[in-house]
$ cat run-v7.txt   # compact mmCIF, C-alpha atoms
# COMPACT_ATOMS: atom_id res chain seq x y z
CA MET A 1 0.95 -18.52 25.88
CA ARG A 2 -0.15 -22.07 25.14
CA GLN A 3 1.96 -24.73 26.81
CA ARG A 4 3.79 -27.12 24.52
CA PRO A 5 2.38 -30.64 25.02
CA PRO A 6 4.62 -33.67 25.24
CA TRP A 7 5.35 -35.13 21.81
CA GLY A 8 3.38 -38.18 20.90
CA MET A 9 0.06 -36.35 21.32
CA THR A 10 -2.38 -35.73 18.53
CA ILE A 11 -2.07 -33.07 15.86
CA THR A 12 -5.44 -31.37 15.36
CA VAL A 13 -6.53 -30.16 11.93
CA VAL A 14 -9.34 -27.59 11.94
CA GLY A 15 -11.15 -27.59 8.59
CA GLY A 16 -11.95 -30.40 6.20
CA GLY A 17 -11.51 -28.72 2.84
CA LEU A 18 -8.75 -29.44 0.34
CA ALA A 19 -6.01 -27.92 2.53
CA GLY A 20 -7.21 -29.65 5.70
CA LEU A 21 -7.43 -33.08 4.08
CA ILE A 22 -3.99 -32.76 2.50
CA ALA A 23 -2.47 -31.55 5.78
CA ALA A 24 -4.06 -34.45 7.68
CA ILE A 25 -2.79 -36.98 5.13
CA GLU A 26 0.71 -35.48 5.19
CA CYS A 27 0.85 -35.67 8.98
CA ALA A 28 -0.50 -39.23 9.07
CA GLU A 29 1.97 -40.35 6.41
CA ARG A 30 4.71 -39.17 8.77
CA GLY A 31 3.38 -41.55 11.43
CA ILE A 32 1.64 -38.92 13.54
CA ASP A 33 -1.77 -39.33 15.17
CA VAL A 34 -4.23 -36.88 13.56
CA GLU A 35 -7.73 -35.70 14.36
CA LEU A 36 -9.66 -33.50 11.90
CA PHE A 37 -12.74 -31.38 12.67
CA GLU A 38 -15.05 -29.94 10.01
CA ALA A 39 -17.74 -27.44 11.00
CA THR A 40 -20.22 -28.49 8.31
CA SER A 41 -21.71 -31.88 7.56
CA LEU A 42 -19.75 -32.14 4.29
CA LEU A 43 -16.03 -32.54 3.69
CA GLY A 44 -14.24 -30.90 0.79
CA GLY A 45 -14.99 -27.22 1.31
CA ARG A 46 -14.81 -25.43 -2.05
CA ALA A 47 -13.54 -28.65 -3.65
CA ARG A 48 -16.90 -30.36 -3.30
CA SER A 49 -19.40 -30.92 -6.14
CA THR A 50 -23.16 -31.19 -6.44
CA THR A 51 -24.86 -34.56 -6.73
CA GLY A 52 -27.64 -35.65 -9.05
CA ASP A 53 -28.07 -35.33 -12.79
CA PHE A 54 -25.51 -32.50 -12.99
CA VAL A 55 -22.25 -32.71 -11.06
CA ALA A 56 -21.05 -29.11 -10.78
CA ASN A 57 -17.94 -28.09 -8.90
CA HIS A 58 -18.23 -25.27 -6.37
CA GLY A 59 -16.95 -22.85 -8.97
CA PRO A 60 -14.73 -23.56 -12.00
CA HIS A 61 -12.07 -26.08 -10.96
CA VAL A 62 -9.25 -27.79 -12.83
CA VAL A 63 -5.96 -29.32 -11.72
CA TYR A 64 -2.91 -28.21 -13.68
CA GLY A 65 -0.76 -31.15 -14.73
CA ASP A 66 2.44 -29.13 -14.40
CA GLY A 67 1.78 -28.09 -10.80
CA GLU A 68 2.32 -29.22 -7.22
CA LEU A 69 -1.28 -30.26 -6.58
CA TRP A 70 -1.33 -32.67 -9.52
CA ARG A 71 2.06 -34.10 -8.56
CA TRP A 72 0.99 -34.66 -4.94
CA LEU A 73 -2.31 -36.27 -5.92
CA ASP A 74 -0.82 -38.41 -8.67
CA GLU A 75 1.94 -39.78 -6.44
CA ARG A 76 -0.79 -41.20 -4.21
CA GLY A 77 -3.10 -42.39 -6.98
CA LEU A 78 -5.68 -39.73 -6.13
CA ALA A 79 -5.68 -37.65 -9.33
CA ARG A 80 -6.95 -40.12 -11.90
CA PRO A 81 -9.03 -40.74 -13.86
CA ALA A 82 -8.70 -37.28 -15.37
CA ARG A 83 -9.15 -35.87 -18.85
CA LYS A 84 -7.30 -33.32 -20.93
CA PRO A 85 -9.29 -30.42 -22.38
CA PRO A 86 -10.57 -30.59 -25.97
CA VAL A 87 -8.45 -28.77 -28.54
CA ARG A 88 -11.51 -27.48 -30.40
CA GLY A 89 -14.49 -25.39 -29.42
CA ILE A 90 -12.56 -22.43 -27.98
CA ARG A 91 -14.11 -19.02 -28.53
CA PHE A 92 -13.00 -15.48 -27.73
CA ARG A 93 -15.38 -12.58 -27.24
CA HIS A 94 -13.77 -9.30 -28.22
CA GLY A 95 -15.17 -6.10 -29.66
CA GLY A 96 -18.74 -7.27 -29.20
CA ALA A 97 -18.37 -10.44 -31.29
CA LEU A 98 -17.26 -14.06 -30.93
CA HIS A 99 -14.11 -15.22 -32.68
CA HIS A 100 -12.39 -18.56 -33.21
CA VAL A 101 -8.94 -17.02 -32.70
CA PRO A 102 -7.72 -14.62 -29.99
CA PRO A 103 -7.34 -10.94 -30.88
CA THR A 104 -3.94 -9.76 -32.04
CA ALA A 105 -3.58 -7.70 -28.87
CA ALA A 106 -3.91 -10.91 -26.80
CA LEU A 107 -1.09 -12.57 -28.71
CA LYS A 108 1.07 -9.49 -28.17
CA ALA A 109 0.21 -9.53 -24.48
CA LEU A 110 1.20 -13.19 -24.16
CA ARG A 111 4.59 -12.49 -25.71
CA GLN A 112 5.20 -9.83 -23.08
CA LEU A 113 3.86 -12.00 -20.25
CA ARG A 114 6.39 -14.74 -21.04
CA GLY A 115 9.16 -12.46 -19.80
CA ASP A 116 9.97 -11.20 -16.32
CA ALA A 117 7.32 -8.91 -14.90
CA PRO A 118 7.70 -6.45 -12.00
CA HIS A 119 5.85 -7.07 -8.77
CA ASP A 120 5.70 -3.38 -7.86
CA LEU A 121 3.67 -2.28 -10.89
CA SER A 122 0.09 -3.17 -11.74
CA LEU A 123 -0.52 -5.32 -14.79
CA ARG A 124 -2.22 -2.39 -16.51
CA GLU A 125 0.65 0.01 -15.80
CA TRP A 126 3.30 -2.43 -16.96
CA MET A 127 1.49 -3.58 -20.10
CA THR A 128 0.69 0.00 -21.09
CA ALA A 129 4.37 0.86 -20.85
CA VAL A 130 5.57 -2.13 -22.88
CA GLY A 131 2.68 -2.68 -25.29
CA GLY A 132 0.32 0.28 -25.33
CA SER A 133 -3.20 0.81 -24.05
CA ASP A 134 -4.94 -1.71 -26.36
CA VAL A 135 -2.60 -4.51 -25.33
CA ALA A 136 -2.93 -3.49 -21.67
CA SER A 137 -6.73 -3.61 -21.90
CA VAL A 138 -6.77 -7.12 -23.37
CA ALA A 139 -4.04 -8.33 -21.00
CA SER A 140 -6.17 -7.15 -18.08
CA ALA A 141 -9.19 -8.98 -19.45
CA MET A 142 -7.14 -12.15 -19.87
CA GLY A 143 -6.58 -12.16 -16.11
CA HIS A 144 -10.22 -12.91 -15.29
CA VAL A 145 -9.81 -16.64 -15.86
CA PHE A 146 -7.12 -17.08 -13.18
CA SER A 147 -7.97 -14.25 -10.76
CA PHE A 148 -11.79 -14.10 -10.97
CA ASP A 149 -11.37 -10.42 -10.09
CA HIS A 150 -13.54 -7.61 -11.41
CA ASP A 151 -10.40 -5.73 -12.52
CA PRO A 152 -7.30 -7.91 -13.00
CA GLY A 153 -5.44 -4.90 -14.41
CA ARG A 154 -5.10 -3.58 -10.85
CA LEU A 155 -3.16 -6.64 -9.69
CA SER A 156 0.60 -7.12 -9.54
CA ALA A 157 2.11 -7.61 -13.00
CA GLN A 158 4.26 -10.44 -11.66
CA PHE A 159 1.27 -12.19 -10.10
CA CYS A 160 -0.63 -12.08 -13.40
CA ALA A 161 2.31 -12.99 -15.63
CA GLU A 162 3.18 -16.10 -13.63
CA ARG A 163 -0.39 -17.36 -13.93
CA ALA A 164 -1.03 -16.33 -17.53
CA ARG A 165 2.02 -18.27 -18.72
CA ARG A 166 0.48 -21.50 -17.41
CA VAL A 167 -3.23 -20.91 -18.00
CA TYR A 168 -2.67 -19.92 -21.63
CA SER A 169 -0.03 -22.57 -22.38
CA VAL A 170 -0.43 -24.65 -25.55
CA PRO A 171 -1.10 -27.52 -25.14
CA SER A 172 -3.04 -26.74 -21.98
CA PRO A 173 -1.81 -28.39 -18.77
CA ALA A 174 -5.38 -28.35 -17.36
CA ARG A 175 -6.77 -31.67 -16.17
CA TYR A 176 -10.44 -32.43 -15.46
CA VAL A 177 -11.08 -34.89 -12.65
CA VAL A 178 -13.64 -37.40 -13.91
CA GLY A 179 -16.80 -37.19 -11.82
CA GLY A 180 -15.98 -33.68 -10.59
CA TRP A 181 -13.80 -32.60 -7.69
CA GLY A 182 -16.22 -34.30 -5.33
CA ALA A 183 -14.86 -37.62 -6.63
CA MET A 184 -11.36 -36.44 -5.78
CA VAL A 185 -12.49 -35.40 -2.30
CA GLU A 186 -13.91 -38.88 -1.73
CA ARG A 187 -10.51 -40.37 -2.57
CA LEU A 188 -8.78 -37.92 -0.23
CA VAL A 189 -11.15 -38.82 2.61
CA GLU A 190 -10.64 -42.53 1.99
CA ARG A 191 -6.86 -42.05 2.00
CA ALA A 192 -7.00 -40.06 5.26
CA ARG A 193 -9.15 -42.63 7.01
CA SER A 194 -6.99 -45.52 5.77
CA LEU A 195 -4.05 -43.80 7.49
CA GLY A 196 -5.97 -43.62 10.75
CA VAL A 197 -7.06 -39.97 10.65
CA ARG A 198 -10.12 -39.50 12.88
CA ILE A 199 -12.60 -37.24 11.09
CA THR A 200 -15.50 -35.51 12.82
CA THR A 201 -17.99 -33.49 10.77
CA GLY A 202 -20.63 -31.06 12.05
CA SER A 203 -18.23 -29.94 14.79
CA ARG A 204 -17.21 -26.29 14.87
CA VAL A 205 -14.01 -25.52 16.78
CA ASP A 206 -14.49 -22.26 18.71
CA VAL A 207 -11.62 -22.65 21.20
CA MET A 208 -8.06 -23.46 20.24
CA PRO A 209 -7.29 -27.15 20.91
CA ASP A 210 -4.38 -28.21 23.07
CA GLY A 211 -1.31 -29.42 21.22
CA PRO A 212 -0.05 -28.78 17.70
CA THR A 213 -2.85 -27.41 15.54
CA ILE A 214 -3.19 -26.81 11.82
CA ILE A 215 -5.90 -24.32 10.92
CA ALA A 216 -7.25 -24.98 7.43
CA THR A 217 -10.22 -22.62 7.36
CA PRO A 218 -11.03 -19.45 5.42
CA LEU A 219 -9.06 -16.48 6.73
CA ALA A 220 -12.11 -14.94 8.40
CA ALA A 221 -12.65 -18.06 10.51
CA ALA A 222 -8.92 -18.33 11.30
CA ARG A 223 -8.85 -14.67 12.29
CA LYS A 224 -11.74 -15.20 14.71
CA LEU A 225 -10.39 -18.44 16.17
CA LEU A 226 -6.93 -16.99 16.79
CA GLY A 227 -8.11 -13.50 17.73
CA ASP A 228 -5.60 -12.08 15.25
CA ASP A 229 -6.83 -9.22 13.07
CA THR A 230 -3.66 -9.33 10.96
CA ILE A 231 -4.82 -12.55 9.27
CA THR A 232 -6.26 -10.94 6.17
CA TRP A 233 -5.50 -10.60 2.46
CA THR A 234 -7.01 -9.30 -0.75
CA GLY A 235 -9.74 -11.46 -2.22
CA THR A 236 -12.63 -10.88 -4.57
CA ARG A 237 -16.35 -11.46 -5.05
CA ILE A 238 -17.67 -13.45 -7.97
CA ALA A 239 -21.02 -14.47 -9.43
CA ILE A 240 -21.45 -18.10 -10.45
CA LEU A 241 -24.07 -19.44 -12.85
CA ASP A 242 -24.22 -23.17 -13.57
CA ILE A 243 -26.73 -24.52 -16.08
CA GLY A 244 -27.74 -27.93 -17.39
CA LEU A 245 -28.74 -27.89 -21.06
CA ARG A 246 -30.15 -30.32 -23.54
CA SER A 247 -27.32 -31.12 -25.92
CA ARG A 248 -26.87 -29.32 -29.21
CA ARG A 249 -24.15 -29.89 -31.77
CA GLY A 250 -21.90 -26.86 -32.11
CA ASP A 251 -21.86 -25.63 -28.50
CA PRO A 252 -18.39 -24.27 -27.64
CA PHE A 253 -16.16 -25.87 -25.05
CA VAL A 254 -14.90 -22.65 -23.47
CA VAL A 255 -15.47 -18.94 -24.01
CA PHE A 256 -12.97 -16.29 -22.93
CA ASP A 257 -14.76 -12.95 -22.71
CA PHE A 258 -12.33 -10.08 -23.20
CA ASP A 259 -15.18 -7.53 -23.16
CA GLU A 260 -17.03 -8.22 -19.91
CA GLY A 261 -14.71 -10.61 -18.09
CA VAL A 262 -17.09 -13.59 -18.14
CA PHE A 263 -15.64 -17.09 -18.35
CA ALA A 264 -17.91 -19.94 -19.49
CA GLU A 265 -16.87 -23.57 -19.72
CA ARG A 266 -18.77 -26.68 -20.85
CA TYR A 267 -17.45 -29.16 -18.32
CA SER A 268 -19.26 -32.08 -19.91
CA ALA A 269 -17.04 -31.76 -23.01
CA PRO A 270 -13.95 -33.32 -21.38
CA ASP A 271 -15.98 -35.28 -18.83
CA PRO A 272 -19.43 -36.46 -20.01
CA THR A 273 -20.09 -38.09 -16.61
CA VAL A 274 -20.94 -34.70 -15.04
CA ALA A 275 -24.19 -34.42 -17.02
CA THR A 276 -27.09 -36.79 -17.54
CA ALA A 277 -27.31 -38.48 -20.95
CA GLY A 278 -28.25 -36.13 -23.77
CA HIS A 279 -27.36 -33.04 -21.74
CA GLN A 280 -24.46 -30.66 -21.12
CA LEU A 281 -23.14 -28.89 -18.03
CA VAL A 282 -21.94 -25.30 -18.43
CA GLN A 283 -20.29 -23.46 -15.53
CA SER A 284 -19.77 -19.69 -15.81
CA GLN A 285 -18.38 -16.97 -13.57
CA VAL A 286 -17.68 -13.24 -13.55
CA GLY A 287 -15.97 -10.94 -11.07
CA LEU A 288 -18.43 -8.56 -9.41
CA TRP A 289 -17.65 -4.89 -9.10
CA PRO A 290 -17.90 -3.46 -5.55
CA ASP A 291 -21.44 -2.13 -6.06
CA GLU A 292 -22.63 -4.98 -8.29
CA GLN A 293 -25.16 -7.57 -7.10
CA LEU A 294 -25.64 -11.21 -8.04
CA ASP A 295 -28.52 -10.40 -10.40
CA ASP A 296 -26.29 -7.97 -12.29
CA GLY A 297 -23.51 -10.51 -12.64
CA VAL A 298 -25.91 -13.23 -13.79
CA ARG A 299 -27.30 -10.89 -16.45
CA ARG A 300 -23.77 -10.33 -17.78
CA ILE A 301 -23.18 -14.07 -17.87
CA GLU A 302 -26.47 -14.69 -19.64
CA GLN A 303 -25.62 -12.09 -22.28
CA LEU A 304 -22.48 -14.04 -23.13
CA LEU A 305 -24.42 -17.31 -23.19
CA ASP A 306 -26.90 -15.71 -25.60
CA GLU A 307 -24.06 -15.14 -28.05
CA ALA A 308 -22.15 -18.38 -27.53
CA PHE A 309 -24.76 -21.10 -26.84
CA THR A 310 -27.51 -20.96 -29.46
CA GLY A 311 -30.98 -21.37 -28.00
CA TRP A 312 -29.70 -22.15 -24.53
CA ARG A 313 -32.66 -20.57 -22.77
CA ASP A 314 -35.07 -23.04 -24.39
CA ARG A 315 -32.70 -25.93 -23.64
CA GLU A 316 -32.13 -25.15 -19.96
CA VAL A 317 -33.32 -27.85 -17.54
CA TRP A 318 -31.30 -27.05 -14.40
CA ARG A 319 -29.55 -24.05 -12.88
CA ARG A 320 -27.65 -22.96 -9.81
CA ARG A 321 -26.50 -19.40 -9.03
CA PHE A 322 -24.62 -17.97 -6.09
CA THR A 323 -21.86 -15.59 -5.03
CA LEU A 324 -18.46 -16.42 -3.61
CA ASP A 325 -16.90 -13.82 -1.31
CA ASP A 326 -13.14 -13.98 -0.74
CA ALA A 327 -13.32 -17.65 -1.64
CA SER A 328 -11.46 -17.96 -4.92
CA GLY A 329 -7.85 -17.55 -3.86
CA ALA A 330 -5.43 -14.79 -2.92
CA LEU A 331 -4.80 -11.75 -5.11
CA ASP A 332 -1.47 -9.94 -4.92
CA LEU A 333 -1.66 -6.19 -5.38
CA PRO A 334 1.32 -4.15 -6.69
CA GLY A 335 4.19 -4.16 -4.22
CA THR A 336 3.29 -7.57 -2.77
CA THR A 337 4.04 -11.21 -3.55
CA TRP A 338 2.84 -14.49 -2.07
CA ARG A 339 5.54 -14.15 0.60
CA ASP A 340 3.68 -11.16 2.07
CA ARG A 341 0.47 -13.10 2.70
CA PRO A 342 -0.42 -14.42 6.19
CA ALA A 343 2.40 -16.68 7.39
CA ILE A 344 1.93 -20.42 7.73
CA GLU A 345 3.79 -20.64 11.05
CA ARG A 346 1.90 -18.65 13.69
CA GLY A 347 3.88 -19.58 16.80
CA ASP A 348 2.95 -21.77 19.77
CA ASP A 349 2.66 -24.83 17.48
CA VAL A 350 -0.12 -23.25 15.43
CA TYR A 351 0.02 -23.41 11.62
CA LEU A 352 -2.17 -21.92 8.92
CA CYS A 353 -2.93 -23.31 5.48
CA GLY A 354 -5.33 -22.58 2.64
CA ASP A 355 -5.45 -20.76 -0.68
CA MET A 356 -4.80 -17.26 0.74
CA VAL A 357 -1.63 -17.82 2.77
CA ALA A 358 2.10 -17.47 2.15
CA ALA A 359 2.73 -20.28 -0.31
CA PRO A 360 3.40 -20.34 -4.07
CA GLY A 361 1.19 -21.84 -6.75
CA LEU A 362 -1.79 -21.33 -9.00
CA LEU A 363 -5.25 -21.40 -7.38
CA GLY A 364 -5.69 -24.74 -5.52
CA GLU A 365 -1.94 -25.35 -5.62
CA VAL A 366 -1.56 -22.74 -2.86
CA SER A 367 -3.73 -24.87 -0.56
CA CYS A 368 -1.63 -27.92 -1.36
CA ALA A 369 1.75 -26.22 -0.90
CA SER A 370 0.72 -24.54 2.35
CA ALA A 371 -0.77 -27.77 3.72
CA ILE A 372 2.43 -29.68 3.00
CA THR A 373 4.51 -26.97 4.67
CA ALA A 374 2.19 -26.79 7.69
CA ALA A 375 2.34 -30.57 8.13
CA ARG A 376 6.12 -30.59 7.88
CA LEU A 377 6.49 -27.83 10.45
CA ALA A 378 3.97 -29.43 12.80
CA THR A 379 5.60 -32.85 12.68
CA GLU A 380 9.30 -32.16 12.30
CA ARG A 381 9.98 -32.45 16.06
CA ALA A 382 7.47 -35.20 16.75
CA PRO A 383 8.54 -38.84 17.11
CA VAL A 384 6.77 -41.50 15.08
CA ALA A 385 3.77 -42.87 16.96
CA GLY A 386 4.09 -46.41 18.30
$ encode --input "run-v7.txt" --output "structure tokens"
Amino acid sequence: MRQRPPWGMTITVVGGGLAGLIAAIECAERGIDVELFEATSLLGGRARSTTGDFVANHGPHVVYGDGELWRWLDERGLARPARKPPVRGIRFRHGGALHHVPPTAALKALRQLRGDAPHDLSLREWMTAVGGSDVASVASAMGHVFSFDHDPGRLSAQFCAERARRVYSVPSPARYVVGGWGAMVERLVERARSLGVRITTGSRVDVMPDGPTIIATPLAAARKLLGDDTITWTGTRIAILDIGLRSRRGDPFVVFDFDEGVFAERYSAPDPTVATAGHQLVQSQVGLWPDEQLDDGVRRIEQLLDEAFTGWRDREVWRRRFTLDDASGALDLPGTTWRDRPAIERGDDVYLCGDMVAAPGLLGEVSCASAITAARLATERAPVAG
């Protein structure tokens, strides 16, 4: 058992992604000395963005204006400037064709999803019972945009309903950080340093530090560091394709694919700063089936782009493609809720935060909520420094 150090010593944060930066800021705002270690040379984790002519987030990222992450950022002046999504340019792929309006089955599914949903049934089982197989099929496809899973119909009905109500709200609560999430990370880092947080990059922590420690790493790294095989949860594997295109009038803003589960979004529509002049940035993703490879997923994405973005292949000037494994947030299977995920408080003054732990919220909001809780628990017995 680790010995409890005398209060007044440093709180160590392991991991410099979104959760780690928020946890460090929260601790420092409480007057506690904080030291943060990041294994790579770059801060931000999955919240970082590319640099150059096209500023692409590490996967599709928005902040929801009705959620905890936006509130926390905005209270500190870290969320803005941000833009609301366009109200035009939305397309729906269903039945092998693109439409300007969602299919009737999707509207029926949304009406059902506004009500209470059981946590012990899958989305597909529940929607089949209340709406029939066609509605269940479309409802499952609607889950791709907030779960990134290859089969959202297998997930808890409650998990999906809570997220669908917000993602498909009209008007949308989505907010696009101007300059990409990398710009937001820069503001977080500046805030942390202004509070006295000591940040060291390129420093992997392989042995648990002395004193109170907040672990803000992916679960696999936390599992290894703590030697605790119970730190695990259901995730998914996705294919990402980002492309820079020469501009063309008539390109859609966003395409919801209810056939193949692809989601494509023209990020330069709300925020022109993410693409060089005269060009557009499109970020797309699809959940990969267990035996599916990146090339297969990219082909599915490209098939949707063929239908939605006229002549895009001749207009392409830049691309990036990669897979994300268990790196797009927690998925709750039937019979589980967020409370069943790995606990934040681990004992011996060790705390866990990130987007796959026991905290509520939508996507990045889980990192924020868990980081705030971890900081509160780590500091609640500590006296103010000085």
$ closest_atom_pairs --input "run-v7.txt" --of "stretch 228-320 of chain A" --to "stretch 31-50 of chain A" --cutoff "12 Å" --atoms "only C-alpha atoms" --output "tab-separated table"
residue	atom	partner	partner_atom	distance
A:Asp242	CA	A:Thr50	CA	10.8
A:Val274	CA	A:Thr50	CA	9.6
A:Ala275	CA	A:Thr50	CA	11.1
A:Leu281	CA	A:Thr50	CA	11.8
A:Arg319	CA	A:Thr50	CA	11.5
A:Arg320	CA	A:Thr50	CA	10.0
$ write_last_selection --input "run-v7.txt" --atoms "C-alpha atoms" --output "PDB file, keeping the file's coordinate frame"
ATOM      1  CA  ASP A 242     -24.220 -23.170 -13.570  1.00  0.00           C
ATOM      2  CA  VAL A 274     -20.940 -34.700 -15.040  1.00  0.00           C
ATOM      3  CA  ALA A 275     -24.190 -34.420 -17.020  1.00  0.00           C
ATOM      4  CA  LEU A 281     -23.140 -28.890 -18.030  1.00  0.00           C
ATOM      5  CA  ARG A 319     -29.550 -24.050 -12.880  1.00  0.00           C
ATOM      6  CA  ARG A 320     -27.650 -22.960  -9.810  1.00  0.00           C
TER       7      ARG A 320
END
$ residues_around --input "run-v7.txt" --residues "A:Ala327" --least-positions-apart "6" --cutoff "10 Å" --atoms "only C-alpha atoms" --output "list in words"
Arg46, Gly59, Pro218, Leu219, Gly235, Thr236, Arg237, Ile238, Asp355 and Met356 of chain A
$ residues_around --input "run-v7.txt" --residues "A:Ser367" --least-positions-apart "2" --cutoff "9 Å" --atoms "only C-alpha atoms" --output "ChimeraX atom specification"
/A:18-20,22,69,216,353-357,359,361,363-365,369-372
$ closest_residue --input "run-v7.txt" --among "A:Glu307, A:Phe159, A:Arg346, A:Leu78" --to "A:Arg191" --atoms "only C-alpha atoms"
A:Leu78
$ residues_around --input "run-v7.txt" --residues "stretch 72-75 of chain A" --least-positions-apart "5" --cutoff "9 Å" --atoms "only C-alpha atoms" --output "list in words"
Gly67, Arg80, Leu188 and Cys368 of chain A
$ axis_aligned_box --input "run-v7.txt" --around "stretch 121-131 of chain A" --padding-each-side "3 Å" --output "lines of an AutoDock Vina configuration file"
center_x = 1.7
center_y = -2.2
center_z = -18.1
size_x = 13.8
size_y = 12.2
size_z = 20.4
$ atom_distance --input "run-v7.txt" --atom1 "atom CA of A:Tyr64" --atom2 "atom CA of A:Phe92"
21.5 Å
$ closest_residue --input "run-v7.txt" --among "A:Asp332, A:Asp326, A:Asp314, A:Asp66" --to "A:Arg248" --atoms "all atoms listed in the file"
A:Asp314
$ atom_distance --input "run-v7.txt" --atom1 "atom CA of A:Arg30" --atom2 "atom CA of A:Gly211"
16.9 Å
$ residues_around --input "run-v7.txt" --residues "A:Ser284" --least-positions-apart "5" --cutoff "8 Å" --atoms "all atoms listed in the file" --output "PDB file with C-alpha atoms, in the frame of the given file"
ATOM      1  CA  PRO A  60     -14.730 -23.560 -12.000  1.00  0.00           C
ATOM      2  CA  ILE A 240     -21.450 -18.100 -10.450  1.00  0.00           C
ATOM      3  CA  LEU A 241     -24.070 -19.440 -12.850  1.00  0.00           C
ATOM      4  CA  ASP A 242     -24.220 -23.170 -13.570  1.00  0.00           C
ATOM      5  CA  VAL A 262     -17.090 -13.590 -18.140  1.00  0.00           C
ATOM      6  CA  PHE A 263     -15.640 -17.090 -18.350  1.00  0.00           C
ATOM      7  CA  ALA A 264     -17.910 -19.940 -19.490  1.00  0.00           C
ATOM      8  CA  GLU A 265     -16.870 -23.570 -19.720  1.00  0.00           C
ATOM      9  CA  ILE A 301     -23.180 -14.070 -17.870  1.00  0.00           C
TER      10      ILE A 301
END
$ atom_distance --input "run-v7.txt" --atom1 "atom CA of A:Leu225" --atom2 "atom CA of A:Leu333"
26.3 Å
$ closest_residue --input "run-v7.txt" --among "A:Leu305, A:Val87, A:Leu331, A:Leu195" --to "A:Leu155" --atoms "only C-alpha atoms"
A:Leu331
$ closest_residue --input "run-v7.txt" --among "A:Leu121, A:Ala220, A:Ala28, A:Val282" --to "A:Pro342" --atoms "all atoms listed in the file"
A:Ala220
$ residues_around --input "run-v7.txt" --residues "stretch 348-351 of chain A" --least-positions-apart "2" --cutoff "12 Å" --atoms "all atoms listed in the file" --output "count of residues only"
49
$ closest_residue --input "run-v7.txt" --among "A:Val55, A:Val366, A:Val197, A:Ala129" --to "A:Trp70" --atoms "all atoms listed in the file"
A:Val366
$ closest_residue --input "run-v7.txt" --among "A:His150, A:Cys160, A:Phe309, A:Ala139" --to "A:Pro290" --atoms "all atoms listed in the file"
A:His150
$ build_atoms --input "run-v7.txt" --residues "stretch 100-114 of chain A" --atoms "N, CA and C atoms" --output "PDB file, in the frame of the given file"
ATOM      1  N   HIS A 100     -13.024 -17.270 -33.398  1.00  0.00           N
ATOM      2  CA  HIS A 100     -12.390 -18.560 -33.210  1.00  0.00           C
ATOM      3  C   HIS A 100     -10.910 -18.433 -32.854  1.00  0.00           C
ATOM      4  N   VAL A 101     -10.348 -17.253 -33.024  1.00  0.00           N
ATOM      5  CA  VAL A 101      -8.940 -17.020 -32.700  1.00  0.00           C
ATOM      6  C   VAL A 101      -8.855 -15.822 -31.763  1.00  0.00           C
ATOM      7  N   PRO A 102      -7.850 -15.769 -30.899  1.00  0.00           N
ATOM      8  CA  PRO A 102      -7.720 -14.620 -29.990  1.00  0.00           C
ATOM      9  C   PRO A 102      -7.360 -13.362 -30.759  1.00  0.00           C
ATOM     10  N   PRO A 103      -7.708 -12.200 -30.220  1.00  0.00           N
ATOM     11  CA  PRO A 103      -7.340 -10.940 -30.880  1.00  0.00           C
ATOM     12  C   PRO A 103      -5.835 -10.762 -30.914  1.00  0.00           C
ATOM     13  N   THR A 104      -5.371 -10.003 -31.884  1.00  0.00           N
ATOM     14  CA  THR A 104      -3.940  -9.760 -32.040  1.00  0.00           C
ATOM     15  C   THR A 104      -3.340  -9.185 -30.758  1.00  0.00           C
ATOM     16  N   ALA A 105      -4.092  -8.308 -30.098  1.00  0.00           N
ATOM     17  CA  ALA A 105      -3.580  -7.700 -28.870  1.00  0.00           C
ATOM     18  C   ALA A 105      -3.325  -8.755 -27.805  1.00  0.00           C
ATOM     19  N   ALA A 106      -4.130  -9.838 -27.767  1.00  0.00           N
ATOM     20  CA  ALA A 106      -3.910 -10.910 -26.800  1.00  0.00           C
ATOM     21  C   ALA A 106      -2.621 -11.656 -27.076  1.00  0.00           C
ATOM     22  N   LEU A 107      -2.336 -11.898 -28.342  1.00  0.00           N
ATOM     23  CA  LEU A 107      -1.090 -12.570 -28.710  1.00  0.00           C
ATOM     24  C   LEU A 107       0.117 -11.700 -28.354  1.00  0.00           C
ATOM     25  N   LYS A 108      -0.012 -10.408 -28.560  1.00  0.00           N
ATOM     26  CA  LYS A 108       1.070  -9.490 -28.170  1.00  0.00           C
ATOM     27  C   LYS A 108       1.248  -9.488 -26.653  1.00  0.00           C
ATOM     28  N   ALA A 109       0.129  -9.516 -25.944  1.00  0.00           N
ATOM     29  CA  ALA A 109       0.210  -9.530 -24.480  1.00  0.00           C
ATOM     30  C   ALA A 109       0.895 -10.799 -23.991  1.00  0.00           C
ATOM     31  N   LEU A 110       0.580 -11.933 -24.574  1.00  0.00           N
ATOM     32  CA  LEU A 110       1.200 -13.190 -24.160  1.00  0.00           C
ATOM     33  C   LEU A 110       2.703 -13.185 -24.381  1.00  0.00           C
ATOM     34  N   ARG A 111       3.129 -12.581 -25.469  1.00  0.00           N
ATOM     35  CA  ARG A 111       4.590 -12.490 -25.710  1.00  0.00           C
ATOM     36  C   ARG A 111       5.268 -11.700 -24.611  1.00  0.00           C
ATOM     37  N   GLN A 112       4.630 -10.627 -24.161  1.00  0.00           N
ATOM     38  CA  GLN A 112       5.200  -9.830 -23.080  1.00  0.00           C
ATOM     39  C   GLN A 112       5.139 -10.592 -21.750  1.00  0.00           C
ATOM     40  N   LEU A 113       4.051 -11.309 -21.525  1.00  0.00           N
ATOM     41  CA  LEU A 113       3.860 -12.000 -20.250  1.00  0.00           C
ATOM     42  C   LEU A 113       4.812 -13.180 -20.085  1.00  0.00           C
ATOM     43  N   ARG A 114       5.421 -13.645 -21.159  1.00  0.00           N
ATOM     44  CA  ARG A 114       6.390 -14.740 -21.040  1.00  0.00           C
ATOM     45  C   ARG A 114       7.692 -14.281 -20.399  1.00  0.00           C
TER      46      ARG A 114
END
